[in-house]
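This is model-v6.cif. It holds mmCIF, C-alpha atoms.
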data_structure
loop_
_atom_site.group_PDB
_atom_site.id
_atom_site.type_symbol
_atom_site.label_atom_id
_atom_site.label_comp_id
_atom_site.auth_asym_id
_atom_site.auth_seq_id
_atom_site.Cartn_x
_atom_site.Cartn_y
_atom_site.Cartn_z
ATOM 1 C CA MET A 8 148.308 90.269 55.222
ATOM 2 C CA ALA A 9 151.211 91.362 53.061
ATOM 3 C CA SER A 10 151.474 95.029 52.192
ATOM 4 C CA ALA A 11 153.462 97.116 49.739
ATOM 5 C CA SER A 12 155.473 99.853 51.442
ATOM 6 C CA PRO A 13 152.816 100.575 54.072
ATOM 7 C CA PRO A 14 152.443 104.184 55.151
ATOM 8 C CA PRO A 15 152.461 104.958 58.877
ATOM 9 C CA THR A 16 149.274 104.225 60.793
ATOM 10 C CA LEU A 17 147.176 107.339 61.309
ATOM 11 C CA GLN A 18 145.265 107.521 64.559
ATOM 12 C CA SER A 19 142.925 110.447 63.751
ATOM 13 C CA GLY A 20 139.866 109.770 65.935
ATOM 14 C CA ALA A 21 139.918 107.873 69.208
ATOM 15 C CA PRO A 22 139.763 104.070 68.835
ATOM 16 C CA ASN A 23 136.230 103.063 67.840
ATOM 17 C CA ASN A 24 134.364 100.488 65.754
ATOM 18 C CA THR A 25 134.728 102.338 62.441
ATOM 19 C CA VAL A 26 137.731 102.238 60.101
ATOM 20 C CA TYR A 27 138.168 105.111 57.654
ATOM 21 C CA ILE A 28 139.911 104.192 54.377
ATOM 22 C CA ARG A 29 141.269 106.602 51.790
ATOM 23 C CA ASN A 30 143.408 106.446 48.638
ATOM 24 C CA LEU A 31 141.018 103.966 47.005
ATOM 25 C CA GLU A 32 140.834 103.704 43.219
ATOM 26 C CA GLU A 33 138.068 106.118 42.158
ATOM 27 C CA SER A 34 137.226 104.424 38.858
ATOM 28 C CA ILE A 35 135.930 101.246 40.535
ATOM 29 C CA SER A 36 132.132 101.037 40.790
ATOM 30 C CA ILE A 37 130.624 101.214 44.277
ATOM 31 C CA PRO A 38 129.106 97.670 44.238
ATOM 32 C CA ILE A 39 132.433 96.106 43.203
ATOM 33 C CA LEU A 40 134.343 98.225 45.726
ATOM 34 C CA LYS A 41 132.029 97.211 48.586
ATOM 35 C CA THR A 42 132.199 93.523 47.668
ATOM 36 C CA THR A 43 135.997 93.663 47.504
ATOM 37 C CA LEU A 44 136.316 95.482 50.825
ATOM 38 C CA GLU A 45 133.974 92.987 52.483
ATOM 39 C CA SER A 46 136.072 90.049 51.278
ATOM 40 C CA ILE A 47 139.227 91.656 52.680
ATOM 41 C CA PHE A 48 137.961 92.961 56.016
ATOM 42 C CA SER A 49 135.475 90.229 56.999
ATOM 43 C CA GLN A 50 138.347 88.046 58.209
ATOM 44 C CA TYR A 51 139.074 90.538 61.014
ATOM 45 C CA GLY A 52 135.617 90.566 62.572
ATOM 46 C CA THR A 53 131.911 90.927 61.956
ATOM 47 C CA ILE A 54 131.164 93.794 59.582
ATOM 48 C CA VAL A 55 128.073 95.789 60.546
ATOM 49 C CA ASP A 56 128.136 98.196 57.603
ATOM 50 C CA ILE A 57 130.251 99.393 54.675
ATOM 51 C CA VAL A 58 129.771 102.973 53.526
ATOM 52 C CA ALA A 59 131.138 104.173 50.172
ATOM 53 C CA LYS A 60 129.690 106.911 47.986
ATOM 54 C CA LYS A 61 130.363 108.142 44.461
ATOM 55 C CA ASN A 62 129.840 111.878 44.910
ATOM 56 C CA LEU A 63 132.924 114.011 44.222
ATOM 57 C CA ARG A 64 134.005 114.640 47.801
ATOM 58 C CA ALA A 65 133.570 111.034 48.924
ATOM 59 C CA LYS A 66 135.329 109.369 45.994
ATOM 60 C CA GLY A 67 138.317 107.250 46.895
ATOM 61 C CA GLN A 68 137.069 106.815 50.461
ATOM 62 C CA ALA A 69 135.105 104.248 52.457
ATOM 63 C CA PHE A 70 134.109 103.362 56.014
ATOM 64 C CA ILE A 71 134.079 99.840 57.464
ATOM 65 C CA VAL A 72 131.978 99.454 60.612
ATOM 66 C CA PHE A 73 132.876 96.466 62.812
ATOM 67 C CA ASP A 74 130.975 95.136 65.787
ATOM 68 C CA THR A 75 133.972 95.621 68.116
ATOM 69 C CA ILE A 76 136.835 98.089 68.558
ATOM 70 C CA GLU A 77 139.296 95.173 68.677
ATOM 71 C CA ALA A 78 138.315 94.107 65.167
ATOM 72 C CA ALA A 79 138.815 97.642 63.870
ATOM 73 C CA GLU A 80 142.235 97.892 65.550
ATOM 74 C CA LYS A 81 143.369 94.582 64.068
ATOM 75 C CA ALA A 82 142.188 95.566 60.593
ATOM 76 C CA ILE A 83 144.070 98.877 60.710
ATOM 77 C CA ARG A 84 147.226 97.178 61.962
ATOM 78 C CA GLU A 85 147.261 94.376 59.391
ATOM 79 C CA VAL A 86 145.734 95.963 56.274
ATOM 80 C CA GLN A 87 147.546 99.309 56.468
ATOM 81 C CA GLY A 88 149.251 99.930 53.115
ATOM 82 C CA PHE A 89 147.786 96.838 51.436
ATOM 83 C CA SER A 90 147.600 97.460 47.669
ATOM 84 C CA LEU A 91 144.033 97.365 46.347
ATOM 85 C CA PHE A 92 143.562 97.972 42.618
ATOM 86 C CA ASP A 93 147.233 99.037 42.462
ATOM 87 C CA LYS A 94 146.866 101.709 45.165
ATOM 88 C CA PRO A 95 148.013 101.322 48.812
ATOM 89 C CA MET A 96 145.127 101.798 51.219
ATOM 90 C CA VAL A 97 145.541 104.312 54.048
ATOM 91 C CA LEU A 98 143.598 103.368 57.188
ATOM 92 C CA GLN A 99 142.744 105.156 60.411
ATOM 93 C CA PHE A 100 139.993 105.306 63.003
ATOM 94 C CA ALA A 101 137.022 107.389 61.915
ATOM 95 C CA LYS A 102 136.723 110.740 63.671
ATOM 96 C CA THR A 103 133.129 110.118 64.718
ATOM 97 C CA LYS A 104 130.970 107.098 65.379
ATOM 98 C CA SER A 105 128.908 105.763 62.483
ATOM 99 C CA ASP A 106 125.112 105.604 62.359
ATOM 100 C CA ALA A 107 125.358 101.817 62.472
ATOM 101 C CA THR A 108 127.405 101.934 65.686
ATOM 102 C CA ILE A 109 124.986 104.338 67.377
ATOM 103 C CA LYS A 110 122.056 102.174 66.304
ATOM 104 C CA MET A 111 123.766 99.081 67.678
ATOM 105 C CA THR A 112 124.789 100.571 71.028
ATOM 106 C CA GLY A 113 122.235 103.314 71.699
ATOM 107 C CA SER A 114 118.544 104.101 71.510
ATOM 108 C CA GLU A 115 116.466 105.457 68.635
ATOM 109 C CA GLU A 116 116.642 108.870 70.290
ATOM 110 C CA ASP A 117 120.462 108.660 70.370
ATOM 111 C CA LEU A 118 120.475 107.810 66.669
ATOM 112 C CA GLU A 119 118.222 110.736 65.772
ATOM 113 C CA MET A 120 120.388 113.149 67.768
ATOM 114 C CA HIS A 121 123.504 111.769 66.082
ATOM 115 C CA LYS A 122 121.968 112.295 62.619
ATOM 116 C CA LYS A 123 120.888 115.841 63.480
ATOM 117 C CA ARG A 124 124.400 116.729 64.669
ATOM 118 C CA ARG A 125 125.903 115.292 61.473
ATOM 119 C CA ILE A 126 123.492 117.224 59.254
ATOM 120 C CA ALA A 127 124.123 120.423 61.215
ATOM 121 C CA GLU A 128 127.881 119.986 60.772
ATOM 122 C CA LYS A 129 127.423 119.386 57.029
ATOM 123 C CA GLU A 130 125.299 122.527 56.696
ATOM 124 C CA ARG A 131 127.881 124.528 58.664
ATOM 125 C CA LYS A 132 130.645 123.463 56.282
ATOM 126 C CA GLN A 133 128.493 124.252 53.242
ATOM 127 C CA ALA A 134 127.788 127.719 54.639
ATOM 128 C CA GLN A 135 131.510 128.305 55.192
ATOM 129 C CA GLU A 136 132.298 127.251 51.626
ATOM 130 C CA LEU A 137 129.562 129.494 50.237
ATOM 131 C CA GLU A 138 130.888 132.464 52.211
ATOM 132 C CA ALA A 139 134.405 131.735 50.940
ATOM 133 C CA GLN A 140 133.107 131.736 47.358
ATOM 134 C CA LYS A 141 131.340 135.068 47.919
ATOM 135 C CA THR A 142 134.526 136.564 49.376
ATOM 136 C CA LEU A 143 136.484 135.342 46.357
ATOM 137 C CA LYS A 144 133.993 137.042 44.015
ATOM 138 C CA ARG A 145 134.061 140.299 46.001
ATOM 139 C CA ASN A 146 137.875 140.378 45.977
ATOM 140 C CA ALA A 147 137.971 139.720 42.227
ATOM 141 C CA ALA A 148 135.441 142.475 41.562
ATOM 142 C CA ALA A 149 137.382 144.928 43.745
ATOM 143 C CA ALA A 150 140.602 144.071 41.925
ATOM 144 C CA ALA A 151 138.906 144.662 38.572
ATOM 145 C CA VAL A 152 137.674 148.105 39.663
ATOM 146 C CA THR A 153 141.141 149.043 40.959
ATOM 147 C CA GLY A 154 142.709 147.915 37.698
ATOM 148 C CA ALA A 155 140.209 149.926 35.650
ATOM 149 C CA ALA A 156 140.919 153.049 37.707
ATOM 150 C CA ALA A 157 144.669 152.629 37.267
ATOM 151 C CA ALA A 158 144.271 152.196 33.511
ATOM 152 C CA ALA A 159 142.103 155.308 33.265
ATOM 153 C CA ASN A 160 144.665 157.384 35.176
ATOM 154 C CA ALA A 161 147.493 156.125 32.975
ATOM 155 C CA LEU A 162 145.540 156.966 29.807
ATOM 156 C CA GLN A 163 144.814 160.468 31.092
ATOM 157 C CA ALA A 164 148.471 161.090 31.915
ATOM 158 C CA ASP A 165 149.638 159.735 28.580
ATOM 159 C CA GLY A 166 147.178 161.415 26.241
ATOM 160 C CA GLY A 167 146.640 164.639 28.090
ATOM 161 C CA ARG A 168 142.920 164.348 27.599
ATOM 162 C CA PRO A 169 140.511 164.279 30.529
ATOM 163 C CA VAL A 170 139.349 160.792 31.266
ATOM 164 C CA LYS A 171 136.607 160.112 33.755
ATOM 165 C CA LYS A 172 138.089 158.328 36.754
ATOM 166 C CA ALA A 173 136.484 155.022 37.619
ATOM 167 C CA ALA A 174 134.566 155.361 40.861
ATOM 168 C CA THR A 175 135.763 153.138 43.676
ATOM 169 C CA GLY A 176 133.204 150.568 44.745
ATOM 170 C CA LEU A 177 131.379 150.305 41.433
ATOM 171 C CA LYS A 178 130.681 146.748 40.341
ATOM 172 C CA SER A 179 132.694 145.653 37.327
ATOM 173 C CA THR A 180 130.651 144.987 34.210
ATOM 174 C CA ASN A 181 133.339 142.667 32.890
ATOM 175 C CA ALA A 182 131.896 139.163 33.381
ATOM 176 C CA SER A 183 135.309 137.582 32.921
ATOM 177 C CA ALA A 184 136.732 139.526 35.865
ATOM 178 C CA ALA A 185 135.052 137.284 38.443
ATOM 179 C CA PRO A 186 136.451 133.741 38.689
ATOM 180 C CA THR A 187 134.188 130.927 37.553
ATOM 181 C CA ILE A 188 133.391 128.433 40.295
ATOM 182 C CA PRO A 189 133.822 124.826 39.089
ATOM 183 C CA ASP A 190 130.507 122.992 38.709
ATOM 184 C CA GLU A 191 131.488 120.453 41.394
ATOM 185 C CA TYR A 192 131.720 123.184 44.072
ATOM 186 C CA LEU A 193 128.508 125.074 43.379
ATOM 187 C CA PRO A 194 126.370 125.453 46.532
ATOM 188 C CA PRO A 195 123.305 123.189 46.860
ATOM 189 C CA ASN A 196 119.953 124.330 45.473
ATOM 190 C CA LYS A 197 116.702 122.720 44.293
ATOM 191 C CA VAL A 198 117.700 122.221 40.642
ATOM 192 C CA LEU A 199 120.211 119.683 39.318
ATOM 193 C CA PHE A 200 122.059 120.082 36.030
ATOM 194 C CA LEU A 201 122.684 116.796 34.211
ATOM 195 C CA GLN A 202 125.480 116.501 31.643
ATOM 196 C CA GLN A 203 127.020 113.756 29.524
ATOM 197 C CA LEU A 204 123.683 111.958 29.192
ATOM 198 C CA PRO A 205 123.293 109.231 26.537
ATOM 199 C CA ALA A 206 122.037 110.691 23.235
ATOM 200 C CA ASP A 207 118.674 108.889 23.464
ATOM 201 C CA SER A 208 117.860 110.066 26.996
ATOM 202 C CA ASN A 209 114.359 111.480 27.448
ATOM 203 C CA ALA A 210 112.195 112.965 30.194
ATOM 204 C CA GLU A 211 110.430 109.664 30.854
ATOM 205 C CA LEU A 212 113.698 107.787 31.456
ATOM 206 C CA LEU A 213 115.146 110.506 33.680
ATOM 207 C CA SER A 214 111.884 110.907 35.629
ATOM 208 C CA GLY A 215 111.987 107.205 36.458
ATOM 209 C CA LEU A 216 115.541 107.507 37.775
ATOM 210 C CA PHE A 217 115.343 110.844 39.598
ATOM 211 C CA GLY A 218 111.688 110.573 40.647
ATOM 212 C CA ARG A 219 112.709 108.080 43.348
ATOM 213 C CA PHE A 220 113.969 110.896 45.536
ATOM 214 C CA ASP A 221 111.835 112.908 47.932
ATOM 215 C CA GLY A 222 110.273 116.105 46.592
ATOM 216 C CA PHE A 223 110.754 115.332 42.893
ATOM 217 C CA LYS A 224 109.011 117.953 40.751
ATOM 218 C CA GLU A 225 109.964 117.612 37.077
ATOM 219 C CA VAL A 226 112.582 116.888 34.421
ATOM 220 C CA ARG A 227 113.252 119.593 31.835
ATOM 221 C CA MET A 228 114.941 118.615 28.594
ATOM 222 C CA VAL A 229 116.663 121.305 26.512
ATOM 223 C CA PRO A 230 115.205 121.524 22.985
ATOM 224 C CA GLY A 231 117.850 121.047 20.324
ATOM 225 C CA ARG A 232 120.519 120.029 22.839
ATOM 226 C CA LYS A 233 121.391 116.404 23.459
ATOM 227 C CA GLY A 234 123.216 115.175 26.530
ATOM 228 C CA ILE A 235 121.922 117.718 29.049
ATOM 229 C CA ALA A 236 118.800 118.196 31.189
ATOM 230 C CA PHE A 237 117.574 119.804 34.394
ATOM 231 C CA VAL A 238 115.844 118.070 37.315
ATOM 232 C CA GLU A 239 113.907 120.161 39.821
ATOM 233 C CA TYR A 240 112.846 119.227 43.369
ATOM 234 C CA GLU A 241 110.446 120.858 45.818
ATOM 235 C CA HIS A 242 113.232 121.373 48.336
ATOM 236 C CA GLN A 243 117.013 121.362 48.495
ATOM 237 C CA GLU A 244 117.272 118.167 50.528
ATOM 238 C CA GLY A 245 115.754 116.098 47.717
ATOM 239 C CA ALA A 246 118.247 117.503 45.229
ATOM 240 C CA ILE A 247 121.152 116.751 47.575
ATOM 241 C CA SER A 248 120.069 113.119 47.986
ATOM 242 C CA ALA A 249 119.596 112.670 44.241
ATOM 243 C CA LYS A 250 122.963 114.214 43.402
ATOM 244 C CA GLU A 251 124.865 112.044 45.883
ATOM 245 C CA ALA A 252 123.149 108.884 44.638
ATOM 246 C CA MET A 253 123.184 109.504 40.880
ATOM 247 C CA ALA A 254 126.446 111.350 40.172
ATOM 248 C CA GLY A 255 128.774 109.125 38.176
ATOM 249 C CA THR A 256 126.052 106.622 37.265
ATOM 250 C CA VAL A 257 126.270 104.828 33.920
ATOM 251 C CA LEU A 258 122.747 104.855 32.452
ATOM 252 C CA VAL A 259 123.409 102.809 29.319
ATOM 253 C CA GLU A 260 126.042 100.104 29.013
ATOM 254 C CA GLY A 261 128.874 101.230 26.771
ATOM 255 C CA THR A 262 128.406 104.942 27.537
ATOM 256 C CA GLY A 263 130.251 107.111 30.026
ATOM 257 C CA ALA A 264 129.130 108.124 33.507
ATOM 258 C CA ILE A 265 126.737 111.056 33.746
ATOM 259 C CA LYS A 266 127.732 114.285 35.467
ATOM 260 C CA VAL A 267 125.316 115.669 38.085
ATOM 261 C CA THR A 268 125.863 119.131 39.586
ATOM 262 C CA TYR A 269 123.706 121.891 41.002
ATOM 263 C CA GLN A 270 122.305 124.493 38.610
ATOM 264 C CA ARG A 271 124.438 127.614 38.412
ATOM 265 C CA GLN A 272 122.490 130.479 39.971
#

Can you give me the file's structure in the form of structure tokens?
Amino acid sequence: MASASPPPTLQSGAPNNTVYIRNLEESISIPILKTTLESIFSQYGTIVDIVAKKNLRAKGQAFIVFDTIEAAEKAIREVQGFSLFDKPMVLQFAKTKSDATIKMTGSEEDLEMHKKRRIAEKERKQAQELEAQKTLKRNAAAAAVTGAAAAANALQADGGRPVKKAATGLKSTNASAAPTIPDEYLPPNKVLFLQQLPADSNAELLSGLFGRFDGFKEVRMVPGRKGIAFVEYEHQEGAISAKEAMAGTVLVEGTGAIKVTYQRQ
């Protein structure tokens, strides 16, 4: 297959059945992307599964699971750098085996253990990100207190009037001092915040869409505000599944994609 200025092959994980693809065009819908990838990669071997998601962190990426390692190797070698939707694809072996591969080669117990390890790794990364966000807030608050103390000292020296020195360690009351975390990186919780909804959206429509996910509790519209709503679940896992599935969905033809994030705590 011809390619346009192919980048070097990246090995990443050890040779296995799964090909990891990045640098895909993010504006293409998932169904069209999967169909296109299947038409390209099916000539290299039997495809067991194609995984592509539309949540923020997975955009522009996909996984192709073949039935043999040889098929995956051939696909990487021949499709590397091939331009798809005007962007050269970057291919490498996936770092870990896919669920489909484990299911095909192992037992049900192996598959369950594989899923548990993957979930544990995901939770570990989320915990690390949350701790990093907390550290960022603490550093910003400390910097604000230090700045306030310095300003108070300068005012006292300049005006000759006693000024109460800001106590070290006090929490800044200036809300703008702490950096605002982008909506897309808020830590998971049980409540989703929906934005950019079509103007005629209502609780009944949204309940039908988001009620498909485990633990659904309710949809809360905001009186007097169009385009936004909240969806609450009984547990965090249900909210995570709903967010990954629904983020970027177009509810009404001719309108833009909706934005789904976690509620700011």

Item to check | Answer key for the PyMOL selection byres ((chain A and resi 54) around 8), residues as a list in words | outcome: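 Applied to this file, the PyMOL selection byres ((chain A and resi 54) around 8) selects Glu45, Phe48, Ser49, Gly52, Thr53, Val55, Asp56, Ile57, Ile71, Val72, Phe73 and Asp74 of chain A.
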
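Our summary of the geometry notes that atom CA of A:Lys266 is positioned 12.1 Å from atom CA of A:Ala249.
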
Item to check | Selection result for the PyMOL selection byres ((chain A and resi 217-232) around 12) on this file, as a PyMOL selection string | outcome: chain A and resi 197-216+233-254+256+258+267

Next on the checklist: Just checking: using all atoms listed in the file, which residue out of A:Ser34, A:Ala148, A:Val26, A:Leu44 ends up closest to A:Arg84?
Outcome noted: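 Distance minimum relative to A:Arg84 lands on A:Val26.
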
Item to check | Straight-line distance linking atom CA of A:Val86 with atom CA of A:Pro38, stated in Å to one decimal | outcome: 20.6 Å

Next on the checklist: Which residues are close to A:Val97, i.e. within 6 Å by all atoms listed in the file, leaving aside same-chain residues fewer than 5 positions away? Reply as a PyMOL selection string.
Outcome noted: chain A and resi 28-29+87-88

Expected file: the selected residues, C-alpha atoms, as a compact mmCIF listing (two decimals), in the frame of the given file:
# COMPACT_ATOMS: atom_id res chain seq x y z
CA ILE A 28 139.91 104.19 54.38
CA ARG A 29 141.27 106.60 51.79
CA GLN A 87 147.55 99.31 56.47
CA GLY A 88 149.25 99.93 53.12

Item to check | Length of the atom CA of A:Ser46 to atom CA of A:Lys102 vector [Å] | outcome: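 So the two atoms, atom CA of A:Ser46 and atom CA of A:Lys102, lie 24.1 Å apart.
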
Checklist entry - Can you list what the PyMOL selection byres ((chain A and resi 140) around 12) grabs from this structure, as number ranges by chain? => result A: 133-139, 141-147, 185-189, 192-194

Where atoms are lacking, stretch 203-219 of chain A completed to N, CA, C and O atoms, as a PDB file, in the coordinates of the input:
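Okay, result_13.pdb is ready:
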ATOM      1  N   GLN A 203     126.446 115.000  30.043  1.00  0.00           N
ATOM      2  CA  GLN A 203     127.020 113.756  29.524  1.00  0.00           C
ATOM      3  C   GLN A 203     125.996 112.609  29.532  1.00  0.00           C
ATOM      4  O   GLN A 203     126.334 111.446  29.754  1.00  0.00           O
ATOM      5  N   LEU A 204     124.737 112.966  29.269  1.00  0.00           N
ATOM      6  CA  LEU A 204     123.683 111.958  29.192  1.00  0.00           C
ATOM      7  C   LEU A 204     123.776 111.209  27.853  1.00  0.00           C
ATOM      8  O   LEU A 204     124.230 111.775  26.849  1.00  0.00           O
ATOM      9  N   PRO A 205     123.351 109.943  27.820  1.00  0.00           N
ATOM     10  CA  PRO A 205     123.293 109.231  26.537  1.00  0.00           C
ATOM     11  C   PRO A 205     122.415 109.992  25.549  1.00  0.00           C
ATOM     12  O   PRO A 205     121.444 110.654  25.944  1.00  0.00           O
ATOM     13  N   ALA A 206     122.726 109.900  24.261  1.00  0.00           N
ATOM     14  CA  ALA A 206     122.037 110.691  23.235  1.00  0.00           C
ATOM     15  C   ALA A 206     120.535 110.429  23.191  1.00  0.00           C
ATOM     16  O   ALA A 206     119.752 111.323  22.855  1.00  0.00           O
ATOM     17  N   ASP A 207     120.100 109.216  23.539  1.00  0.00           N
ATOM     18  CA  ASP A 207     118.674 108.889  23.464  1.00  0.00           C
ATOM     19  C   ASP A 207     117.936 109.099  24.782  1.00  0.00           C
ATOM     20  O   ASP A 207     116.803 108.626  24.950  1.00  0.00           O
ATOM     21  N   SER A 208     118.529 109.799  25.718  1.00  0.00           N
ATOM     22  CA  SER A 208     117.860 110.066  26.996  1.00  0.00           C
ATOM     23  C   SER A 208     116.624 110.928  26.773  1.00  0.00           C
ATOM     24  O   SER A 208     116.618 111.821  25.926  1.00  0.00           O
ATOM     25  N   ASN A 209     115.574 110.673  27.551  1.00  0.00           N
ATOM     26  CA  ASN A 209     114.359 111.480  27.448  1.00  0.00           C
ATOM     27  C   ASN A 209     113.800 111.737  28.841  1.00  0.00           C
ATOM     28  O   ASN A 209     114.289 111.197  29.841  1.00  0.00           O
ATOM     29  N   ALA A 210     112.775 112.574  28.908  1.00  0.00           N
ATOM     30  CA  ALA A 210     112.195 112.965  30.194  1.00  0.00           C
ATOM     31  C   ALA A 210     111.613 111.773  30.940  1.00  0.00           C
ATOM     32  O   ALA A 210     111.697 111.697  32.175  1.00  0.00           O
ATOM     33  N   GLU A 211     111.031 110.833  30.214  1.00  0.00           N
ATOM     34  CA  GLU A 211     110.430 109.664  30.854  1.00  0.00           C
ATOM     35  C   GLU A 211     111.489 108.815  31.552  1.00  0.00           C
ATOM     36  O   GLU A 211     111.305 108.385  32.705  1.00  0.00           O
ATOM     37  N   LEU A 212     112.611 108.570  30.863  1.00  0.00           N
ATOM     38  CA  LEU A 212     113.698 107.787  31.456  1.00  0.00           C
ATOM     39  C   LEU A 212     114.262 108.475  32.691  1.00  0.00           C
ATOM     40  O   LEU A 212     114.421 107.859  33.756  1.00  0.00           O
ATOM     41  N   LEU A 213     114.534 109.767  32.573  1.00  0.00           N
ATOM     42  CA  LEU A 213     115.146 110.506  33.680  1.00  0.00           C
ATOM     43  C   LEU A 213     114.168 110.664  34.849  1.00  0.00           C
ATOM     44  O   LEU A 213     114.583 110.645  36.003  1.00  0.00           O
ATOM     45  N   SER A 214     112.885 110.800  34.549  1.00  0.00           N
ATOM     46  CA  SER A 214     111.884 110.907  35.629  1.00  0.00           C
ATOM     47  C   SER A 214     111.838 109.618  36.435  1.00  0.00           C
ATOM     48  O   SER A 214     111.674 109.637  37.663  1.00  0.00           O
ATOM     49  N   GLY A 215     111.988 108.479  35.757  1.00  0.00           N
ATOM     50  CA  GLY A 215     111.987 107.205  36.458  1.00  0.00           C
ATOM     51  C   GLY A 215     113.175 107.061  37.379  1.00  0.00           C
ATOM     52  O   GLY A 215     113.073 106.473  38.468  1.00  0.00           O
ATOM     53  N   LEU A 216     114.321 107.621  36.969  1.00  0.00           N
ATOM     54  CA  LEU A 216     115.541 107.507  37.775  1.00  0.00           C
ATOM     55  C   LEU A 216     115.570 108.526  38.915  1.00  0.00           C
ATOM     56  O   LEU A 216     115.893 108.190  40.054  1.00  0.00           O
ATOM     57  N   PHE A 217     115.230 109.780  38.603  1.00  0.00           N
ATOM     58  CA  PHE A 217     115.343 110.844  39.598  1.00  0.00           C
ATOM     59  C   PHE A 217     114.052 111.054  40.390  1.00  0.00           C
ATOM     60  O   PHE A 217     114.055 111.738  41.410  1.00  0.00           O
ATOM     61  N   GLY A 218     112.952 110.443  39.926  1.00  0.00           N
ATOM     62  CA  GLY A 218     111.688 110.573  40.647  1.00  0.00           C
ATOM     63  C   GLY A 218     111.638 109.743  41.916  1.00  0.00           C
ATOM     64  O   GLY A 218     110.683 109.832  42.680  1.00  0.00           O
ATOM     65  N   ARG A 219     112.668 108.919  42.143  1.00  0.00           N
ATOM     66  CA  ARG A 219     112.709 108.080  43.348  1.00  0.00           C
ATOM     67  C   ARG A 219     113.028 108.883  44.599  1.00  0.00           C
ATOM     68  O   ARG A 219     112.849 108.407  45.710  1.00  0.00           O
TER      69      ARG A 219
END
